[in-house]
file run_28.cif (mmCIF, C-alpha atoms (C1' of nucleotides))
data_structure
loop_
_atom_site.label_atom_id
_atom_site.label_comp_id
_atom_site.auth_asym_id
_atom_site.auth_seq_id
_atom_site.Cartn_x
_atom_site.Cartn_y
_atom_site.Cartn_z
CA MET A 74 134.12 -9.30 38.15
CA SER A 75 132.29 -9.85 34.85
CA ALA A 76 132.40 -7.21 32.13
CA VAL A 77 128.85 -5.91 32.46
CA LYS A 78 127.89 -3.11 30.11
CA THR A 79 126.67 0.06 31.77
CA SER A 80 123.24 0.92 30.42
CA THR A 81 122.27 4.50 29.61
CA LYS A 82 119.94 4.43 32.57
CA GLU A 83 122.77 3.44 34.89
CA LYS A 84 125.08 6.05 33.37
CA ILE A 85 122.47 8.72 34.03
CA VAL A 86 122.14 7.70 37.68
CA LEU A 87 125.91 7.63 38.16
CA LEU A 88 126.40 11.05 36.62
CA ALA A 89 123.40 12.51 38.43
CA THR A 90 124.88 11.25 41.69
CA GLU A 91 128.12 13.04 40.97
CA LEU A 92 126.27 16.20 39.97
CA ILE A 93 124.19 16.18 43.16
CA GLU A 94 127.32 15.67 45.25
CA THR A 95 129.07 18.58 43.54
CA LYS A 96 126.34 21.06 42.56
CA GLY A 97 123.36 19.90 44.59
CA TYR A 98 119.90 18.64 43.66
CA SER A 99 118.52 22.01 42.56
CA GLY A 100 121.93 22.95 41.18
CA PHE A 101 122.06 20.33 38.43
CA SER A 102 119.86 20.09 35.36
CA TYR A 103 118.96 17.52 32.70
CA GLN A 104 121.02 19.69 30.36
CA ASP A 105 124.16 18.99 32.43
CA ILE A 106 123.60 15.26 31.92
CA SER A 107 122.66 15.70 28.28
CA ASP A 108 125.92 17.53 27.60
CA ARG A 109 128.23 15.09 29.33
CA LEU A 110 126.61 11.84 28.12
CA ASN A 111 125.97 13.12 24.59
CA ILE A 112 122.32 12.26 24.66
CA LYS A 113 119.32 14.53 24.35
CA LYS A 114 117.31 15.78 27.28
CA ALA A 115 114.25 13.91 26.00
CA SER A 116 116.15 10.64 26.35
CA ILE A 117 116.73 11.32 30.02
CA HIS A 118 113.02 11.99 30.44
CA TYR A 119 112.34 8.62 28.84
CA HIS A 120 114.20 6.90 31.69
CA PHE A 121 113.22 9.35 34.42
CA PRO A 122 110.05 11.26 33.50
CA ALA A 123 110.47 13.81 36.27
CA LYS A 124 113.54 15.09 38.04
CA GLU A 125 112.08 13.72 41.23
CA ASP A 126 112.23 10.20 39.75
CA LEU A 127 115.91 10.65 39.04
CA GLY A 128 116.50 12.04 42.51
CA LEU A 129 114.84 8.99 44.03
CA ALA A 130 116.88 6.64 41.84
CA VAL A 131 120.09 8.39 42.88
CA PHE A 132 119.17 8.13 46.54
CA ASP A 133 118.21 4.46 46.26
CA ALA A 134 121.52 3.70 44.52
CA PHE A 135 123.33 5.56 47.31
CA VAL A 136 121.62 3.45 49.97
CA GLN A 137 122.32 0.29 47.98
CA GLY A 138 125.97 1.31 47.72
CA ILE A 139 126.24 1.55 51.48
CA ASP A 140 124.60 -1.83 51.82
CA ASP A 141 127.11 -3.33 49.41
CA PHE A 142 130.01 -1.63 51.17
CA ILE A 143 129.01 -3.11 54.51
CA LYS A 144 128.38 -6.58 53.08
CA LYS A 145 131.74 -6.64 51.34
CA LEU A 146 133.57 -5.92 54.58
CA ASP A 147 132.35 -8.85 56.66
CA PHE A 148 131.31 -6.12 59.06
CA ASP A 149 130.00 -8.43 61.75
CA ARG A 150 133.43 -9.74 62.63
CA MET A 151 135.08 -6.34 62.91
CA SER A 152 135.84 -4.52 66.16
CA PRO A 153 133.80 -1.37 66.93
CA THR A 154 136.93 0.73 66.38
CA ALA A 155 137.52 -0.88 63.00
CA LYS A 156 133.88 -0.38 62.07
CA LEU A 157 134.05 3.34 62.79
CA ALA A 158 137.34 3.58 60.92
CA GLU A 159 135.61 2.04 57.90
CA TYR A 160 132.75 4.50 58.35
CA PHE A 161 135.20 7.36 58.07
CA ARG A 162 137.05 5.71 55.20
CA TYR A 163 133.79 5.30 53.30
CA HIS A 164 133.05 9.01 53.50
CA ALA A 165 136.65 9.90 52.71
CA GLU A 166 136.13 8.78 49.12
CA ALA A 167 133.90 11.76 48.49
CA THR A 168 136.75 14.08 49.44
CA LEU A 169 139.32 12.57 47.10
CA ASP A 170 138.79 15.07 44.31
CA CYS A 171 137.92 17.78 46.83
CA ASN A 172 134.75 18.55 44.96
CA LYS A 173 132.08 16.36 46.47
CA ILE A 174 130.16 15.83 49.66
CA SER A 175 128.08 12.73 50.37
CA CYS A 176 124.76 12.23 48.63
CA ILE A 177 122.90 12.33 51.92
CA GLY A 178 124.76 15.46 53.03
CA ALA A 179 123.95 17.21 49.77
CA MET A 180 120.28 16.37 50.05
CA THR A 181 120.08 17.30 53.72
CA SER A 182 121.58 20.68 52.80
CA GLU A 183 118.63 21.32 50.48
CA TRP A 184 116.01 19.90 52.79
CA ASN A 185 113.39 22.62 52.37
CA VAL A 186 113.38 22.53 48.59
CA LEU A 187 113.34 18.75 48.10
CA PRO A 188 110.29 16.86 46.80
CA GLU A 189 108.28 15.25 49.57
CA ARG A 190 108.88 11.65 48.46
CA LEU A 191 112.63 12.21 48.58
CA ARG A 192 112.40 13.67 52.08
CA GLU A 193 110.45 10.65 53.28
CA ARG A 194 113.14 8.32 51.99
CA ILE A 195 115.89 10.43 53.57
CA ASP A 196 114.06 10.36 56.90
CA LYS A 197 113.87 6.59 56.77
CA PHE A 198 117.55 6.31 55.92
CA ASN A 199 118.51 8.64 58.74
CA GLN A 200 116.71 6.49 61.25
CA TRP A 201 118.66 3.49 60.03
CA HIS A 202 121.87 5.55 59.99
CA ALA A 203 121.57 6.70 63.62
CA ALA A 204 120.66 3.20 64.80
CA PHE A 205 123.62 1.81 62.88
CA ILE A 206 126.04 4.11 64.72
CA VAL A 207 124.34 3.52 68.06
CA ASP A 208 124.91 -0.22 67.64
CA ILE A 209 128.61 0.29 67.02
CA LEU A 210 128.88 2.59 70.03
CA LYS A 211 126.99 0.15 72.25
CA GLU A 212 129.39 -2.59 71.31
CA GLY A 213 132.40 -0.35 71.79
CA VAL A 214 131.34 0.83 75.22
CA LYS A 215 130.70 -2.77 76.25
CA SER A 216 134.16 -3.84 75.12
CA GLY A 217 135.73 -0.82 76.78
CA GLU A 218 137.01 0.60 73.50
CA PHE A 219 134.80 3.67 73.66
CA ARG A 220 134.08 6.07 76.44
CA PRO A 221 130.40 6.93 76.74
CA PHE A 222 129.38 10.56 77.18
CA GLY A 223 125.71 11.48 77.33
CA SER A 224 123.34 9.01 75.70
CA LEU A 225 124.60 6.80 72.88
CA GLU A 226 121.87 8.23 70.67
CA GLU A 227 123.28 11.73 71.22
CA GLN A 228 126.78 10.52 70.66
CA ALA A 229 125.70 8.94 67.37
CA LEU A 230 124.07 12.16 66.17
CA PHE A 231 127.23 13.97 67.12
CA ILE A 232 129.38 11.65 65.01
CA ILE A 233 127.03 11.94 62.05
CA ALA A 234 126.85 15.73 62.34
CA SER A 235 130.62 16.09 62.58
CA THR A 236 131.14 13.90 59.54
CA LYS A 237 128.62 15.85 57.46
CA GLY A 238 130.19 19.15 58.49
CA ALA A 239 133.68 17.87 57.79
CA LEU A 240 132.72 16.88 54.25
CA LEU A 241 131.19 20.31 53.64
CA MET A 242 134.29 22.07 54.87
CA ALA A 243 136.69 19.77 53.03
CA ARG A 244 134.95 20.53 49.76
CA GLU A 245 135.02 24.24 50.44
CA ARG A 246 138.68 24.27 51.43
CA LYS A 247 139.64 21.74 48.78
CA SER A 248 141.36 19.74 51.50
CA THR A 249 141.07 16.01 51.99
CA GLU A 250 143.28 16.45 55.01
CA LEU A 251 140.71 18.64 56.72
CA TYR A 252 138.27 15.76 56.59
CA HIS A 253 140.78 13.32 58.03
CA ALA A 254 141.71 15.75 60.80
CA VAL A 255 138.10 15.95 61.91
CA ALA A 256 137.72 12.16 61.72
CA ARG A 257 140.74 11.84 64.01
CA GLN A 258 139.20 14.30 66.43
CA ILE A 259 135.96 12.33 66.60
CA MET A 260 137.85 9.10 67.20
CA GLY A 261 139.91 10.86 69.83
CA CYS A 262 136.77 11.93 71.70
CA LEU A 263 135.47 8.37 71.70
CA LYS A 264 138.71 6.95 72.94
CA GLY A 265 138.84 9.50 75.72
CA MET B 120 116.77 51.53 71.34
CA SER B 121 115.55 54.29 69.03
CA ALA B 122 112.69 53.66 66.63
CA VAL B 123 114.62 53.53 63.37
CA LYS B 124 112.59 52.85 60.24
CA THR B 125 113.64 49.83 58.27
CA SER B 126 114.32 50.87 54.69
CA THR B 127 113.20 48.76 51.76
CA LYS B 128 116.82 47.93 51.11
CA GLU B 129 117.25 46.65 54.65
CA LYS B 130 114.00 44.70 54.47
CA ILE B 131 115.23 43.00 51.32
CA VAL B 132 118.50 41.98 52.96
CA LEU B 133 116.71 40.67 56.06
CA LEU B 134 114.25 38.62 54.04
CA ALA B 135 116.93 37.38 51.64
CA THR B 136 118.95 36.21 54.65
CA GLU B 137 116.00 34.22 55.91
CA LEU B 138 115.37 32.78 52.45
CA ILE B 139 119.00 31.73 52.07
CA GLU B 140 118.96 30.10 55.49
CA THR B 141 115.80 28.17 54.65
CA LYS B 142 115.89 27.52 50.89
CA GLY B 143 119.48 28.24 49.97
CA TYR B 144 121.14 30.76 47.66
CA SER B 145 120.10 29.07 44.43
CA GLY B 146 116.81 28.05 46.00
CA PHE B 147 115.43 31.54 46.47
CA SER B 148 114.41 34.04 43.80
CA TYR B 149 113.64 37.73 43.49
CA GLN B 150 110.05 36.65 43.03
CA ASP B 151 110.02 35.18 46.56
CA ILE B 152 111.04 38.56 47.92
CA SER B 153 108.68 40.43 45.63
CA ASP B 154 105.74 38.36 46.89
CA ARG B 155 106.45 38.73 50.57
CA LEU B 156 107.41 42.41 50.61
CA ASN B 157 104.70 43.45 48.14
CA ILE B 158 107.12 45.18 45.85
CA LYS B 159 107.94 44.41 42.23
CA LYS B 160 110.99 42.46 41.10
CA ALA B 161 112.29 45.54 39.30
CA SER B 162 112.42 47.39 42.62
CA ILE B 163 114.70 44.74 44.04
CA HIS B 164 116.95 45.06 41.02
CA TYR B 165 117.10 48.80 41.68
CA HIS B 166 118.71 48.12 45.09
CA PHE B 167 120.64 45.01 44.05
CA PRO B 168 121.20 44.93 40.27
CA ALA B 169 122.34 41.30 40.27
CA LYS B 170 121.54 38.43 42.60
CA GLU B 171 125.22 38.27 43.41
CA ASP B 172 125.03 41.80 44.82
CA LEU B 173 122.24 40.74 47.13
CA GLY B 174 124.16 37.63 48.14
CA LEU B 175 127.16 39.75 49.05
CA ALA B 176 125.01 42.17 51.03
CA VAL B 177 123.45 39.28 52.94
CA PHE B 178 126.85 37.83 53.74
CA ASP B 179 128.26 41.18 54.84
CA ALA B 180 125.27 41.73 57.11
CA PHE B 181 125.80 38.25 58.54
CA VAL B 182 129.43 39.03 59.35
CA GLN B 183 128.43 42.39 60.81
CA GLY B 184 125.85 40.63 62.96
CA ILE B 185 128.51 38.38 64.43
CA ASP B 186 130.70 41.36 65.09
CA ASP B 187 127.85 43.10 66.92
CA PHE B 188 127.03 39.95 68.87
CA ILE B 189 130.59 39.67 70.13
CA LYS B 190 130.88 43.36 70.94
CA LYS B 191 127.64 43.33 72.90
CA LEU B 192 128.87 40.51 75.11
CA ASP B 193 132.01 42.08 76.50
CA PHE B 194 133.63 38.97 75.17
CA ASP B 195 137.12 39.79 76.37
CA ARG B 196 136.22 39.36 80.00
CA MET B 197 134.47 36.00 79.58
CA SER B 198 135.99 32.63 80.40
CA PRO B 199 136.82 30.30 77.48
CA THR B 200 133.99 28.00 78.52
CA ALA B 201 131.53 30.88 78.59
CA LYS B 202 132.78 32.06 75.21
CA LEU B 203 132.13 28.68 73.63
CA ALA B 204 128.73 28.49 75.32
CA GLU B 205 127.88 31.82 73.69
CA TYR B 206 129.14 30.48 70.38
CA PHE B 207 126.65 27.62 70.63
CA ARG B 208 123.90 29.90 71.85
CA TYR B 209 124.45 32.20 68.88
CA HIS B 210 123.93 29.35 66.42
CA ALA B 211 120.99 28.01 68.41
CA GLU B 212 118.89 30.96 67.28
CA ALA B 213 118.81 29.56 63.77
CA THR B 214 117.22 26.37 65.05
CA LEU B 215 114.40 28.06 66.96
CA ASP B 216 111.84 27.72 64.20
CA CYS B 217 113.44 24.47 63.05
CA ASN B 218 113.61 25.77 59.52
CA LYS B 219 116.95 27.50 59.20
CA ILE B 220 120.65 26.82 59.20
CA SER B 221 123.30 29.50 59.52
CA CYS B 222 124.02 31.80 56.61
CA ILE B 223 127.57 30.55 56.36
CA GLY B 224 126.44 26.91 56.51
CA ALA B 225 123.90 27.47 53.77
CA MET B 226 126.47 29.08 51.52
CA THR B 227 129.10 26.46 52.23
CA SER B 228 126.55 23.81 51.24
CA GLU B 229 126.30 25.39 47.80
CA TRP B 230 129.98 26.09 47.40
CA ASN B 231 130.35 24.91 43.81
CA VAL B 232 127.50 27.00 42.45
CA LEU B 233 128.27 30.28 44.23
CA PRO B 234 129.58 33.36 42.43
CA GLU B 235 133.31 33.77 42.79
CA ARG B 236 133.18 37.05 44.72
CA LEU B 237 130.96 35.43 47.34
CA ARG B 238 133.34 32.50 47.68
CA GLU B 239 136.25 34.83 48.25
CA ARG B 240 134.44 36.58 51.04
CA ILE B 241 133.43 33.27 52.61
CA ASP B 242 137.04 32.09 52.48
CA LYS B 243 138.17 35.20 54.27
CA PHE B 244 135.48 34.80 56.93
CA ASN B 245 136.39 31.16 57.47
CA GLN B 246 139.98 32.08 58.16
CA TRP B 247 138.82 34.53 60.77
CA HIS B 248 136.33 31.97 62.13
CA ALA B 249 138.93 29.22 62.64
CA ALA B 250 141.39 31.65 64.22
CA PHE B 251 138.63 32.91 66.50
CA ILE B 252 137.97 29.40 67.83
CA VAL B 253 141.68 28.59 68.07
CA ASP B 254 142.13 31.63 70.32
CA ILE B 255 139.37 30.46 72.64
CA LEU B 256 140.85 26.97 72.76
CA LYS B 257 144.33 28.27 73.42
CA GLU B 258 143.08 30.27 76.36
CA GLY B 259 141.05 27.33 77.66
CA VAL B 260 143.93 24.91 77.49
CA LYS B 261 146.13 27.39 79.27
CA SER B 262 143.62 27.84 82.07
CA GLY B 263 143.08 24.08 82.29
CA GLU B 264 139.42 24.31 81.31
CA PHE B 265 139.90 22.44 78.04
CA ARG B 266 141.73 19.27 77.26
CA PRO B 267 143.84 19.52 74.10
CA PHE B 268 143.68 16.72 71.56
CA GLY B 269 145.63 16.97 68.32
CA SER B 270 146.48 20.51 67.24
CA LEU B 271 144.26 23.36 68.33
CA GLU B 272 143.71 24.20 64.67
CA GLU B 273 142.29 20.71 64.10
CA GLN B 274 140.20 20.92 67.20
CA ALA B 275 138.77 24.24 66.00
CA LEU B 276 137.85 22.80 62.60
CA PHE B 277 136.22 19.92 64.41
CA ILE B 278 134.06 22.25 66.50
CA ILE B 279 133.06 24.27 63.47
CA ALA B 280 132.27 21.15 61.43
CA SER B 281 130.17 19.63 64.20
CA THR B 282 128.20 22.82 64.63
CA LYS B 283 127.49 23.11 60.89
CA GLY B 284 126.40 19.48 60.73
CA ALA B 285 124.24 19.84 63.82
CA LEU B 286 122.37 22.78 62.31
CA LEU B 287 121.77 20.83 59.09
CA MET B 288 120.42 17.85 60.98
CA ALA B 289 118.32 19.95 63.35
CA ARG B 290 116.58 21.60 60.40
CA GLU B 291 115.96 18.27 58.76
CA ARG B 292 114.59 16.64 61.89
CA LYS B 293 112.78 19.78 62.99
CA SER B 294 114.47 19.41 66.36
CA THR B 295 116.10 22.22 68.29
CA GLU B 296 117.01 19.62 70.88
CA LEU B 297 119.16 17.73 68.38
CA TYR B 298 121.30 20.82 67.98
CA HIS B 299 121.69 21.26 71.73
CA ALA B 300 122.54 17.59 72.18
CA VAL B 301 125.42 17.90 69.72
CA ALA B 302 126.59 21.12 71.37
CA ARG B 303 126.70 19.29 74.70
CA GLN B 304 128.70 16.50 73.11
CA ILE B 305 131.28 18.93 71.76
CA MET B 306 131.61 20.64 75.10
CA GLY B 307 131.93 17.23 76.73
CA CYS B 308 134.83 16.32 74.46
CA LEU B 309 136.62 19.54 75.34
CA LYS B 310 136.12 19.07 79.04
CA GLY B 311 137.46 15.53 78.82
"C1'" DG C 46 115.36 3.89 23.14
"C1'" DT C 47 116.67 8.07 20.98
"C1'" DC C 48 115.69 11.83 18.27
"C1'" DT C 49 113.49 16.73 16.72
"C1'" DA C 50 110.47 19.99 17.94
"C1'" DT C 51 107.84 22.35 21.00
"C1'" DA C 52 105.28 23.71 25.20
"C1'" DT C 53 105.18 26.09 29.57
"C1'" DA C 54 106.98 28.19 33.48
"C1'" DT C 55 110.24 30.68 35.90
"C1'" DA C 56 114.58 33.14 36.68
"C1'" DG C 57 117.54 37.01 36.33
"C1'" DA C 58 117.75 41.27 34.30
"C1'" DT C 59 116.80 45.94 31.63
"C1'" DA C 60 114.24 50.14 29.60
"C1'" DG C 61 111.74 53.75 30.42
"C1'" DA C 62 107.38 56.03 32.45
"C1'" DC C 63 105.86 58.16 36.70
"C1'" DG D 285 112.40 54.68 44.40
"C1'" DT D 286 108.80 52.08 42.42
"C1'" DC D 287 106.15 50.84 38.68
"C1'" DT D 288 104.74 48.40 33.85
"C1'" DA D 289 106.40 46.07 30.21
"C1'" DT D 290 109.53 43.31 28.07
"C1'" DC D 291 113.69 40.49 27.08
"C1'" DT D 292 116.60 36.50 27.19
"C1'" DA D 293 118.03 32.35 28.99
"C1'" DT D 294 117.17 28.20 31.12
"C1'" DA D 295 114.50 24.50 33.37
"C1'" DT D 296 111.25 20.84 33.44
"C1'" DA D 297 108.48 18.36 30.65
"C1'" DT D 298 105.63 16.36 26.48
"C1'" DA D 299 104.34 14.88 21.54
"C1'" DG D 300 105.31 12.33 18.02
"C1'" DA D 301 108.69 10.71 14.19
"C1'" DC D 302 112.26 7.27 13.44
#
call {"tool": "encode", "arguments": {"input": "run_28.cif", "output": "structure tokens"}}
result
Amino acid sequence: MSAVKTSTKEKIVLLATELIETKGYSGFSYQDISDRLNIKKASIHYHFPAKEDLGLAVFDAFVQGIDDFIKKLDFDRMSPTAKLAEYFRYHAEATLDCNKISCIGAMTSEWNVLPERLRERIDKFNQWHAAFIVDILKEGVKSGEFRPFGSLEEQALFIIASTKGALLMARERKSTELYHAVARQIMGCLKG
Amino acid sequence: MSAVKTSTKEKIVLLATELIETKGYSGFSYQDISDRLNIKKASIHYHFPAKEDLGLAVFDAFVQGIDDFIKKLDFDRMSPTAKLAEYFRYHAEATLDCNKISCIGAMTSEWNVLPERLRERIDKFNQWHAAFIVDILKEGVKSGEFRPFGSLEEQALFIIASTKGALLMARERKSTELYHAVARQIMGCLKG
DNA sequence: GTCTATATATAGATAGAC
DNA sequence: GTCTATCTATATATAGAC
């Protein structure tokens, strides 16, 4: 872990991510960032000319973060149950301060007002996301850890939907526990 | 069914509901309404001085709509399974044009940027909502129709979360079928 | 790369005529 | 109850100095 300085550009993306996860894409402004980083709005526009550019950078960093998370875990050697547990643990981080939902959940919530390029990238991610869960389920059914119900594709969408909804409700109720309760329920359904 | 004229005030609430369910509370403006109803912004302010007032009216109408829906069904005589099926059918209406989520889901998605009075009312509704589902579950477990897993309170939150997430994803994917698939999954979990 | 200054559009809201 | 006109605040964005 080398002591790498965080550039202004990186700081902007990190803060914008937090703002999107708390207030939403249309809910945050360059002024919010300007205030908290003590830089002027024009400086943000230097790094990200349009808000859309910043939105895309935030989303790309989010996807990269997931990639890193998976790589760090030595995912391939884990059991399907352990993989799903990590999936839930990953999302749990958003609920720690009871003020955030996931980046993808926030953006999905604002679907109809998002710039087209952002929607395209979200669509692409969602395809990957569903396939990722289907793979885990396939493996788990094969090993006898999971009980299949309906198609695995449907089951995957169900898990993703429940997780998104749980994050929304946990933020609203200011309850990390609510999120964990729902995660337990999902796991319970899979285990039959 | 008498031919009752829809007042301007009612038209505003109906359209605002649709706008919130498609674009979100912060995503819609008085101008949107002005354009589509061919009235001036000032006229909307006459009926609803502040946007918050309109938001509250929309939410109250939403709650009233649920009340009417339940009353119309003769809910008390229905089986727990039928009650839940109606619950899913009620939410399915939002997905028909693949462009909406529920009013409560939309508002929950924007939790941190909502006016305080609206949040209070949402909180109150959510308490009722969870208790409503718990009652159905209790009855279903008693009759042997449902399989309990964890506490009934947790199971209720799980159903609510899944439904909210399913609506979000159905809007994004423009797929009514996605919503129904998730609803089937939930029912499958309950039936064991 | 950051600043000051400014442009332009839109949002929420009010005053007062009709 | 609806209109015209106007106000104020804020949002996104650009020009050009340092």
call {"tool": "closest_atom_pairs", "arguments": {"input": "run_28.cif", "of": "chain B", "to": "chain C", "cutoff": "10 Å", "atoms": "all atoms listed in the file", "output": "CSV"}}
result
residue,atom,partner,partner_atom,distance
B:Phe147,CA,C:DA56,C1',10.0
B:Ser148,CA,C:DA56,C1',7.2
B:Tyr149,CA,C:DG57,C1',8.2
B:Gln150,CA,C:DA56,C1',8.6
B:Lys160,CA,C:DA58,C1',9.7
B:Ala161,CA,C:DA58,C1',8.5
B:His164,CA,C:DA58,C1',7.8
B:Pro168,CA,C:DA58,C1',7.8
B:Ala169,CA,C:DA58,C1',7.5
B:Lys170,CA,C:DG57,C1',7.6
call {"tool": "interface_residues", "arguments": {"input": "run_28.cif", "of": "chain D", "to": "chain B", "cutoff": "8 Å", "atoms": "all atoms listed in the file", "output": "PyMOL selection string"}}
result
chain D and resi 285-287
call {"tool": "closest_residue", "arguments": {"input": "run_28.cif", "among": "B:Ala225, B:Ile220, B:Ala280, B:Leu215", "to": "B:Tyr144", "atoms": "only C-alpha atoms"}}
result
B:Ala225
call {"tool": "closest_residue", "arguments": {"input": "run_28.cif", "among": "A:Lys96, A:Glu218, A:Phe121, A:His202", "to": "chain B", "atoms": "only C-alpha atoms"}}
result
A:Lys96
call {"tool": "interface_residues", "arguments": {"input": "run_28.cif", "of": "chain A", "to": "chain B", "cutoff": "8 Å", "atoms": "only C-alpha atoms", "output": "ChimeraX atom specification"}}
result
/A:95-97,99-100,172,179,181-186,222-223,227-228,230-231,233-239,241-242,244-245,251,254-255,258-259,261-262,265
call {"tool": "atom_distance", "arguments": {"input": "run_28.cif", "atom1": "atom CA of A:Ala167", "atom2": "atom CA of B:Phe244"}}
result
24.6 Å
call {"tool": "atom_distance", "arguments": {"input": "run_28.cif", "atom1": "atom CA of A:Gln200", "atom2": "atom CA of B:Ser294"}}
result
14.1 Å
call {"tool": "atom_distance", "arguments": {"input": "run_28.cif", "atom1": "atom CA of B:Trp247", "atom2": "atom CA of B:Ser262"}}
result
22.8 Å
call {"tool": "resolve_selection", "arguments": {"input": "run_28.cif", "expression": "the PyMOL selection byres ((chain A and resi 131-147) around 10)", "output": "JSON, numbers by chain"}}
result
{"A": [83, 85, 86, 87, 88, 89, 90, 91, 93, 125, 126, 127, 128, 129, 130, 148, 149, 150, 151, 156, 159, 160, 163, 175, 176, 177, 180, 191, 194, 195, 198]}
call {"tool": "write_last_selection", "arguments": {"input": "run_28.cif", "atoms": "C-alpha atoms", "output": "PDB file, keeping the file's coordinate frame"}}
result
ATOM      1  CA  GLU A  83     122.770   3.440  34.890  1.00  0.00           C
ATOM      2  CA  ILE A  85     122.470   8.720  34.030  1.00  0.00           C
ATOM      3  CA  VAL A  86     122.140   7.700  37.680  1.00  0.00           C
ATOM      4  CA  LEU A  87     125.910   7.630  38.160  1.00  0.00           C
ATOM      5  CA  LEU A  88     126.400  11.050  36.620  1.00  0.00           C
ATOM      6  CA  ALA A  89     123.400  12.510  38.430  1.00  0.00           C
ATOM      7  CA  THR A  90     124.880  11.250  41.690  1.00  0.00           C
ATOM      8  CA  GLU A  91     128.120  13.040  40.970  1.00  0.00           C
ATOM      9  CA  ILE A  93     124.190  16.180  43.160  1.00  0.00           C
ATOM     10  CA  GLU A 125     112.080  13.720  41.230  1.00  0.00           C
ATOM     11  CA  ASP A 126     112.230  10.200  39.750  1.00  0.00           C
ATOM     12  CA  LEU A 127     115.910  10.650  39.040  1.00  0.00           C
ATOM     13  CA  GLY A 128     116.500  12.040  42.510  1.00  0.00           C
ATOM     14  CA  LEU A 129     114.840   8.990  44.030  1.00  0.00           C
ATOM     15  CA  ALA A 130     116.880   6.640  41.840  1.00  0.00           C
ATOM     16  CA  PHE A 148     131.310  -6.120  59.060  1.00  0.00           C
ATOM     17  CA  ASP A 149     130.000  -8.430  61.750  1.00  0.00           C
ATOM     18  CA  ARG A 150     133.430  -9.740  62.630  1.00  0.00           C
ATOM     19  CA  MET A 151     135.080  -6.340  62.910  1.00  0.00           C
ATOM     20  CA  LYS A 156     133.880  -0.380  62.070  1.00  0.00           C
ATOM     21  CA  GLU A 159     135.610   2.040  57.900  1.00  0.00           C
ATOM     22  CA  TYR A 160     132.750   4.500  58.350  1.00  0.00           C
ATOM     23  CA  TYR A 163     133.790   5.300  53.300  1.00  0.00           C
ATOM     24  CA  SER A 175     128.080  12.730  50.370  1.00  0.00           C
ATOM     25  CA  CYS A 176     124.760  12.230  48.630  1.00  0.00           C
ATOM     26  CA  ILE A 177     122.900  12.330  51.920  1.00  0.00           C
ATOM     27  CA  MET A 180     120.280  16.370  50.050  1.00  0.00           C
ATOM     28  CA  LEU A 191     112.630  12.210  48.580  1.00  0.00           C
ATOM     29  CA  ARG A 194     113.140   8.320  51.990  1.00  0.00           C
ATOM     30  CA  ILE A 195     115.890  10.430  53.570  1.00  0.00           C
ATOM     31  CA  PHE A 198     117.550   6.310  55.920  1.00  0.00           C
TER      32      PHE A 198
END
call {"tool": "resolve_selection", "arguments": {"input": "run_28.cif", "expression": "the PyMOL selection byres ((chain A and resi 211) around 12)", "output": "list in words"}}
result
Ser152, Pro153, Thr154, Ala204, Phe205, Ile206, Val207, Asp208, Ile209, Leu210, Glu212, Gly213, Val214, Lys215, Ser216, Gly217, Glu218, Phe219, Arg220, Pro221, Phe222, Ser224, Leu225, Glu226, Gln228, Ala229 and Leu263 of chain A
